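> This is the content of my_file.cif (mmCIF, C-alpha atoms):
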```
data_data
loop_
_atom_site.group_PDB
_atom_site.id
_atom_site.type_symbol
_atom_site.label_atom_id
_atom_site.label_comp_id
_atom_site.auth_asym_id
_atom_site.auth_seq_id
_atom_site.Cartn_x
_atom_site.Cartn_y
_atom_site.Cartn_z
ATOM 1 C CA MET F 1430 2.548 11.799 2.601
ATOM 2 C CA ARG F 1431 1.933 12.004 -1.140
ATOM 3 C CA LYS F 1432 5.623 11.456 -1.887
ATOM 4 C CA LEU F 1433 5.777 8.393 0.361
ATOM 5 C CA TRP F 1434 2.651 6.819 -1.102
ATOM 6 C CA GLU F 1435 3.714 7.635 -4.650
ATOM 7 C CA ASP F 1436 7.010 5.927 -3.879
ATOM 8 C CA HIS F 1437 4.967 2.975 -2.634
ATOM 9 C CA ILE F 1438 3.143 2.534 -5.942
ATOM 10 C CA ILE F 1439 6.176 3.339 -8.091
ATOM 11 C CA TRP F 1440 8.393 0.766 -6.367
ATOM 12 C CA THR F 1441 5.485 -1.682 -6.357
ATOM 13 C CA ARG F 1442 5.116 -1.198 -10.106
ATOM 14 C CA LEU F 1443 8.814 -1.636 -10.715
ATOM 15 C CA THR F 1444 8.770 -4.789 -8.604
ATOM 16 C CA ILE F 1445 5.823 -6.170 -10.594
ATOM 17 C CA VAL F 1446 7.575 -5.395 -13.897
ATOM 18 C CA SER F 1447 10.859 -6.932 -12.744
ATOM 19 C CA PHE F 1448 9.079 -9.985 -11.341
ATOM 20 C CA ALA F 1449 6.992 -10.564 -14.468
ATOM 21 C CA ALA F 1450 10.017 -10.312 -16.765
ATOM 22 C CA ASP F 1451 12.506 -12.103 -14.484
ATOM 23 C CA LEU F 1452 14.756 -9.041 -14.533
ATOM 24 C CA PRO F 1453 18.018 -9.068 -12.591
ATOM 25 C CA ASP F 1454 17.039 -5.919 -10.665
ATOM 26 C CA LEU F 1455 14.217 -7.670 -8.807
ATOM 27 C CA GLU F 1456 16.038 -8.063 -5.483
ATOM 28 C CA PRO F 1457 17.294 -4.464 -5.145
ATOM 29 C CA THR F 1458 13.946 -3.159 -6.397
ATOM 30 C CA LEU F 1459 12.085 -5.207 -3.801
ATOM 31 C CA ASP F 1460 14.557 -4.045 -1.134
ATOM 32 C CA ARG F 1461 13.796 -0.427 -2.055
ATOM 33 C CA LEU F 1462 10.074 -1.131 -1.887
ATOM 34 C CA LEU F 1463 10.500 -2.649 1.571
ATOM 35 C CA GLN F 1464 12.474 0.445 2.653
ATOM 36 C CA ASN F 1465 9.462 2.515 1.653
ATOM 37 C CA GLN F 1466 7.379 0.605 4.203
ATOM 38 C CA ALA F 1467 9.814 1.650 6.933
ATOM 39 C CA ASP F 1468 9.658 5.225 5.625
ATOM 40 C CA LEU F 1469 5.858 5.195 5.917
ATOM 41 C CA GLY F 1470 6.063 3.871 9.477
ATOM 42 C CA SER F 1471 8.592 6.565 10.345
ATOM 43 C CA ALA F 1472 6.278 9.235 8.941
ATOM 44 C CA VAL F 1473 3.549 8.450 11.462
ATOM 45 C CA ALA F 1474 5.872 7.932 14.438
ATOM 46 C CA PRO F 1475 6.070 11.669 15.336
ATOM 47 C CA PHE F 1476 2.294 11.659 15.813
ATOM 48 C CA TYR F 1477 1.514 8.202 17.159
ATOM 49 C CA GLY F 1478 4.821 7.166 18.724
ATOM 50 C CA GLU F 1479 7.731 4.944 17.757
ATOM 51 C CA GLU F 1480 5.894 1.749 18.711
ATOM 52 C CA ALA F 1481 2.974 2.615 16.436
ATOM 53 C CA GLY F 1482 5.356 3.579 13.649
ATOM 54 C CA GLN F 1483 7.081 0.210 13.929
ATOM 55 C CA ALA F 1484 3.743 -1.595 14.052
ATOM 56 C CA LEU F 1485 2.667 0.129 10.835
ATOM 57 C CA THR F 1486 6.013 -0.705 9.233
ATOM 58 C CA ASP F 1487 5.529 -4.364 10.161
ATOM 59 C CA LEU F 1488 2.001 -4.446 8.742
ATOM 60 C CA LEU F 1489 3.115 -2.749 5.534
ATOM 61 C CA ARG F 1490 6.088 -5.097 5.200
ATOM 62 C CA GLU F 1491 3.661 -8.013 5.507
ATOM 63 C CA HIS F 1492 1.567 -6.277 2.806
ATOM 64 C CA ILE F 1493 4.511 -6.312 0.398
ATOM 65 C CA LEU F 1494 5.634 -9.836 1.193
ATOM 66 C CA GLY F 1495 2.035 -10.979 0.796
ATOM 67 C CA ALA F 1496 1.935 -9.327 -2.621
ATOM 68 C CA VAL F 1497 5.068 -11.296 -3.556
ATOM 69 C CA ASP F 1498 3.222 -14.479 -2.563
ATOM 70 C CA VAL F 1499 0.310 -13.442 -4.787
ATOM 71 C CA LEU F 1500 2.620 -12.721 -7.728
ATOM 72 C CA THR F 1501 4.489 -15.991 -7.285
ATOM 73 C CA ALA F 1502 1.313 -18.065 -7.219
ATOM 74 C CA ALA F 1503 -0.246 -16.157 -10.126
ATOM 75 C CA LYS F 1504 2.844 -16.521 -12.288
ATOM 76 C CA ALA F 1505 2.973 -20.254 -11.530
ATOM 77 C CA ALA F 1506 -0.775 -20.554 -12.297
ATOM 78 C CA ASP F 1507 -1.175 -22.267 -8.921
ATOM 79 C CA GLU F 1508 -4.841 -21.510 -8.189
ATOM 80 C CA VAL F 1509 -4.902 -23.123 -4.740
ATOM 81 C CA THR F 1510 -1.882 -21.172 -3.513
ATOM 82 C CA LEU F 1511 -3.133 -18.013 -5.231
ATOM 83 C CA THR F 1512 -6.493 -18.220 -3.471
ATOM 84 C CA ALA F 1513 -4.777 -18.597 -0.089
ATOM 85 C CA ALA F 1514 -2.281 -15.811 -0.846
ATOM 86 C CA LEU F 1515 -5.056 -13.439 -1.902
ATOM 87 C CA ALA F 1516 -7.060 -14.193 1.237
ATOM 88 C CA ALA F 1517 -4.025 -13.476 3.429
ATOM 89 C CA TRP F 1518 -3.196 -10.312 1.468
ATOM 90 C CA TYR F 1519 -6.714 -8.925 1.802
ATOM 91 C CA GLU F 1520 -6.802 -9.856 5.496
ATOM 92 C CA ASN F 1521 -3.563 -7.927 6.003
ATOM 93 C CA GLY F 1522 -5.120 -4.962 4.166
ATOM 94 C CA GLN F 1523 -7.994 -5.008 6.634
ATOM 95 C CA GLU F 1524 -5.501 -5.184 9.527
ATOM 96 C CA ILE F 1525 -3.740 -2.091 8.157
ATOM 97 C CA ALA F 1526 -7.065 -0.271 7.836
ATOM 98 C CA ASP F 1527 -8.089 -1.257 11.358
ATOM 99 C CA PHE F 1528 -4.729 -0.209 12.763
ATOM 100 C CA LEU F 1529 -5.037 3.212 11.154
ATOM 101 C CA HIS F 1530 -8.629 3.566 12.342
ATOM 102 C CA GLN F 1531 -7.591 2.755 15.917
ATOM 103 C CA ALA F 1532 -4.877 5.426 15.750
ATOM 104 C CA ASN F 1533 -7.321 8.096 14.598
ATOM 105 C CA PRO F 1534 -10.914 6.858 14.963
ATOM 106 C CA ARG F 1535 -12.523 10.256 14.592
ATOM 107 C CA PHE F 1536 -10.940 11.224 11.284
ATOM 108 C CA TRP F 1537 -10.173 7.768 9.839
ATOM 109 C CA PRO F 1538 -13.503 5.938 10.081
ATOM 110 C CA GLN F 1539 -13.097 2.173 10.030
ATOM 111 C CA GLU F 1540 -15.311 1.484 7.024
ATOM 112 C CA GLU F 1541 -13.681 4.271 5.016
ATOM 113 C CA MET F 1542 -10.223 2.940 5.847
ATOM 114 C CA ARG F 1543 -11.225 -0.610 4.942
ATOM 115 C CA ASN F 1544 -12.722 0.549 1.644
ATOM 116 C CA MET F 1545 -9.625 2.575 0.869
ATOM 117 C CA MET F 1546 -7.318 -0.392 1.486
ATOM 118 C CA ARG F 1547 -9.570 -2.786 -0.433
ATOM 119 C CA ASP F 1548 -9.606 -0.379 -3.386
ATOM 120 C CA HIS F 1549 -5.804 -0.147 -3.244
ATOM 121 C CA LEU F 1550 -5.455 -3.923 -3.269
ATOM 122 C CA ASP F 1551 -8.051 -4.402 -6.023
ATOM 123 C CA LEU F 1552 -6.372 -1.847 -8.261
ATOM 124 C CA THR F 1553 -2.883 -3.207 -7.605
ATOM 125 C CA LEU F 1554 -4.144 -6.701 -8.382
ATOM 126 C CA ASP F 1555 -5.597 -5.429 -11.677
ATOM 127 C CA GLU F 1556 -2.226 -3.900 -12.516
ATOM 128 C CA ALA F 1557 -0.257 -7.049 -11.665
ATOM 129 C CA THR F 1558 -2.707 -9.338 -13.460
ATOM 130 C CA ALA F 1559 -2.560 -7.291 -16.655
ATOM 131 C CA ARG F 1560 1.242 -7.203 -16.519
ATOM 132 C CA LEU F 1561 1.547 -10.950 -15.939
ATOM 133 C CA GLN F 1562 -0.872 -11.595 -18.817
ATOM 134 C CA GLY F 1563 1.110 -9.335 -21.124
ATOM 135 C CA ASP F 1564 -1.816 -6.942 -21.600
ATOM 136 C CA PHE F 1565 0.300 -3.816 -21.427
ATOM 137 C CA GLU F 1566 -2.442 -1.367 -22.361
ATOM 138 C CA ALA F 1567 -4.578 -2.654 -19.479
ATOM 139 C CA ASP F 1568 -1.489 -2.643 -17.256
ATOM 140 C CA ILE F 1569 -0.849 1.027 -17.982
ATOM 141 C CA ALA F 1570 -4.509 1.944 -17.491
ATOM 142 C CA ALA F 1571 -4.568 0.039 -14.189
ATOM 143 C CA TYR F 1572 -1.456 1.864 -12.990
ATOM 144 C CA GLU F 1573 -3.158 5.190 -13.746
ATOM 145 C CA ASP F 1574 -6.073 4.060 -11.564
ATOM 146 C CA VAL F 1575 -3.656 2.992 -8.808
ATOM 147 C CA HIS F 1576 -1.969 6.390 -8.991
ATOM 148 C CA ARG F 1577 -5.209 8.366 -8.681
ATOM 149 C CA GLN F 1578 -6.381 6.225 -5.776
ATOM 150 C CA ILE F 1579 -3.102 6.455 -3.850
ATOM 151 C CA LEU F 1580 -3.163 10.250 -4.034
ATOM 152 C CA ASP F 1581 -6.666 10.221 -2.558
ATOM 153 C CA MET F 1582 -5.431 7.852 0.140
ATOM 154 C CA ALA F 1583 -2.422 10.048 0.940
ATOM 155 C CA ASP F 1584 -4.664 13.102 1.159
ATOM 156 C CA MET F 1585 -7.099 11.287 3.453
ATOM 157 C CA LEU F 1586 -4.281 10.227 5.752
ATOM 158 C CA SER F 1587 -2.705 13.692 5.767
ATOM 159 C CA SER F 1588 -6.009 15.379 6.422
ATOM 160 C CA GLY F 1589 -6.716 13.027 9.321
ATOM 161 C CA ILE F 1590 -3.351 13.727 10.931
ATOM 162 C CA ILE F 1591 -3.766 17.490 10.513
ATOM 163 C CA LYS F 1592 -7.273 17.412 12.002
ATOM 164 C CA GLN F 1593 -6.186 15.191 14.913
ATOM 165 C CA PHE F 1594 -3.080 17.264 15.696
ATOM 166 C CA PRO F 1595 -3.888 20.834 14.573
ATOM 167 C CA GLU F 1596 -1.434 22.301 17.110
ATOM 168 C CA LYS F 1597 1.436 20.643 15.219
ATOM 169 C CA PHE F 1598 0.383 22.461 12.063
ATOM 170 C CA GLY F 1599 -0.093 25.968 13.406
ATOM 171 C CA GLY F 1600 -3.760 25.559 14.321
ATOM 172 C CA LEU F 1601 -5.524 25.479 17.661
#
```
Would you mind writing the file's structure down as structure tokens?

Amino acid sequence: MRKLWEDHIIWTRLTIVSFAADLPDLEPTLDRLLQNQADLGSAVAPFYGEEAGQALTDLLREHILGAVDVLTAAKAADEVTLTAALAAWYENGQEIADFLHQANPRFWPQEEMRNMMRDHLDLTLDEATARLQGDFEADIAAYEDVHRQILDMADMLSSGIIKQFPEKFGGL
């Protein structure tokens, strides 16, 4: 779980960097980031079923494409579009949190999941904003915050799966 979520933030970061600088690797970098969303969905499928894995993949794909909308509007300094893109992005984050809570309500409390996703989005937004503004020291500091938070998130998700399915991990 940690590897998958670290991949998520690494490929997100590389996408932000490529987008901000108009680098020619943007498309393959974004494609790799989108593959990570499928990888995350596949990781939960053994526990929650193929349909749930695909549903998570779809929500996470929407998360990434929504982030692209946010970046595009921010880079264009289009405040109206940015406001709408941010609202949709945060709504999708809540949908992801609610989906995860529904899969494992006992060990992934709804409010905790929503807070975790909101923190992830806030920190990623800080990172992207600093990068787009050319404040590279703040960008690097924000990425460090993103990294710490995503490890906590991965651990929370792993712990919840282990507690919900102890028999799959050698427990009773």
> For region 1501-1516 of chain F, list every protein, DNA or RNA residue within 10 Å, evaluated using only C-alpha atoms, and leave out those in the same chain fewer than 5 positions away; present the list as a PyMOL selection string.
chain F and resi 1448-1449+1495-1496+1521-1522+1550+1554+1557-1558+1561-1562
> Which value, in Å to one decimal, gives the distance between CA of Glu1435 (chain F) and CA of Pro1534 (chain F)?
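CA of Glu1435 (chain F) sits 24.5 Å away from CA of Pro1534 (chain F).
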> Nearest to Gln1523 (chain F) among F:Glu1479, F:Glu1456, F:Glu1566, F:Asp1548, with distances taken over only C-alpha atoms: which residue is it?
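Looking at the shortest contact to Gln1523 (chain F), the residue is F:Asp1548.
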> Identify which of the residues F:Gln1483, F:Tyr1477, F:Ser1588, F:Trp1518 lies closest to Val1499 (chain F), counting only C-alpha atoms when measuring atom-to-atom distances.
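Smallest separation from Val1499 (chain F) among the options: F:Trp1518.
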> Tell me, as a compact mmCIF listing (two decimals) with C-alpha atoms, in the coordinates of the input, which residues lie within 10 Å of Asn1533 (chain F), counting all atoms listed in the file; anything in the same chain fewer than 3 positions away does not count.

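The result, written out as around_12.txt:
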```txt
# COMPACT_ATOMS: atom_id res chain seq x y z
CA TYR F 1477 1.51 8.20 17.16
CA ASP F 1527 -8.09 -1.26 11.36
CA PHE F 1528 -4.73 -0.21 12.76
CA LEU F 1529 -5.04 3.21 11.15
CA HIS F 1530 -8.63 3.57 12.34
CA PHE F 1536 -10.94 11.22 11.28
CA TRP F 1537 -10.17 7.77 9.84
CA PRO F 1538 -13.50 5.94 10.08
CA GLN F 1539 -13.10 2.17 10.03
CA LEU F 1586 -4.28 10.23 5.75
CA GLY F 1589 -6.72 13.03 9.32
CA ILE F 1590 -3.35 13.73 10.93
CA LYS F 1592 -7.27 17.41 12.00
CA GLN F 1593 -6.19 15.19 14.91
```
> Check the smallest atom-to-atom distance from each of F:Ala1571, F:Trp1440, F:Leu1485, F:Ala1450 to Gln1531 (chain F) using only C-alpha atoms, then report the winner.
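Using only C-alpha atoms, Gln1531 (chain F) sits closest to F:Leu1485.
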> Using all atoms listed in the file, find the one residue out of F:Leu1462, F:Ala1467, F:Ile1438, F:Val1446 that sits nearest to Val1575 (chain F).
F:Ile1438
> Which is closest to Ile1525 (chain F) among F:Val1497, F:Leu1463, F:Ala1570, F:Met1545, if we use all atoms listed in the file?
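Between F:Val1497, F:Leu1463, F:Ala1570, F:Met1545, the residue approaching Ile1525 (chain F) most closely is F:Met1545.
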> I need the output of the PyMOL selection byres ((chain F and resi 1578) around 12) for this file as a PyMOL selection string; which residues are they?
chain F and resi 1431+1434-1435+1438+1544-1553+1571-1577+1579-1585
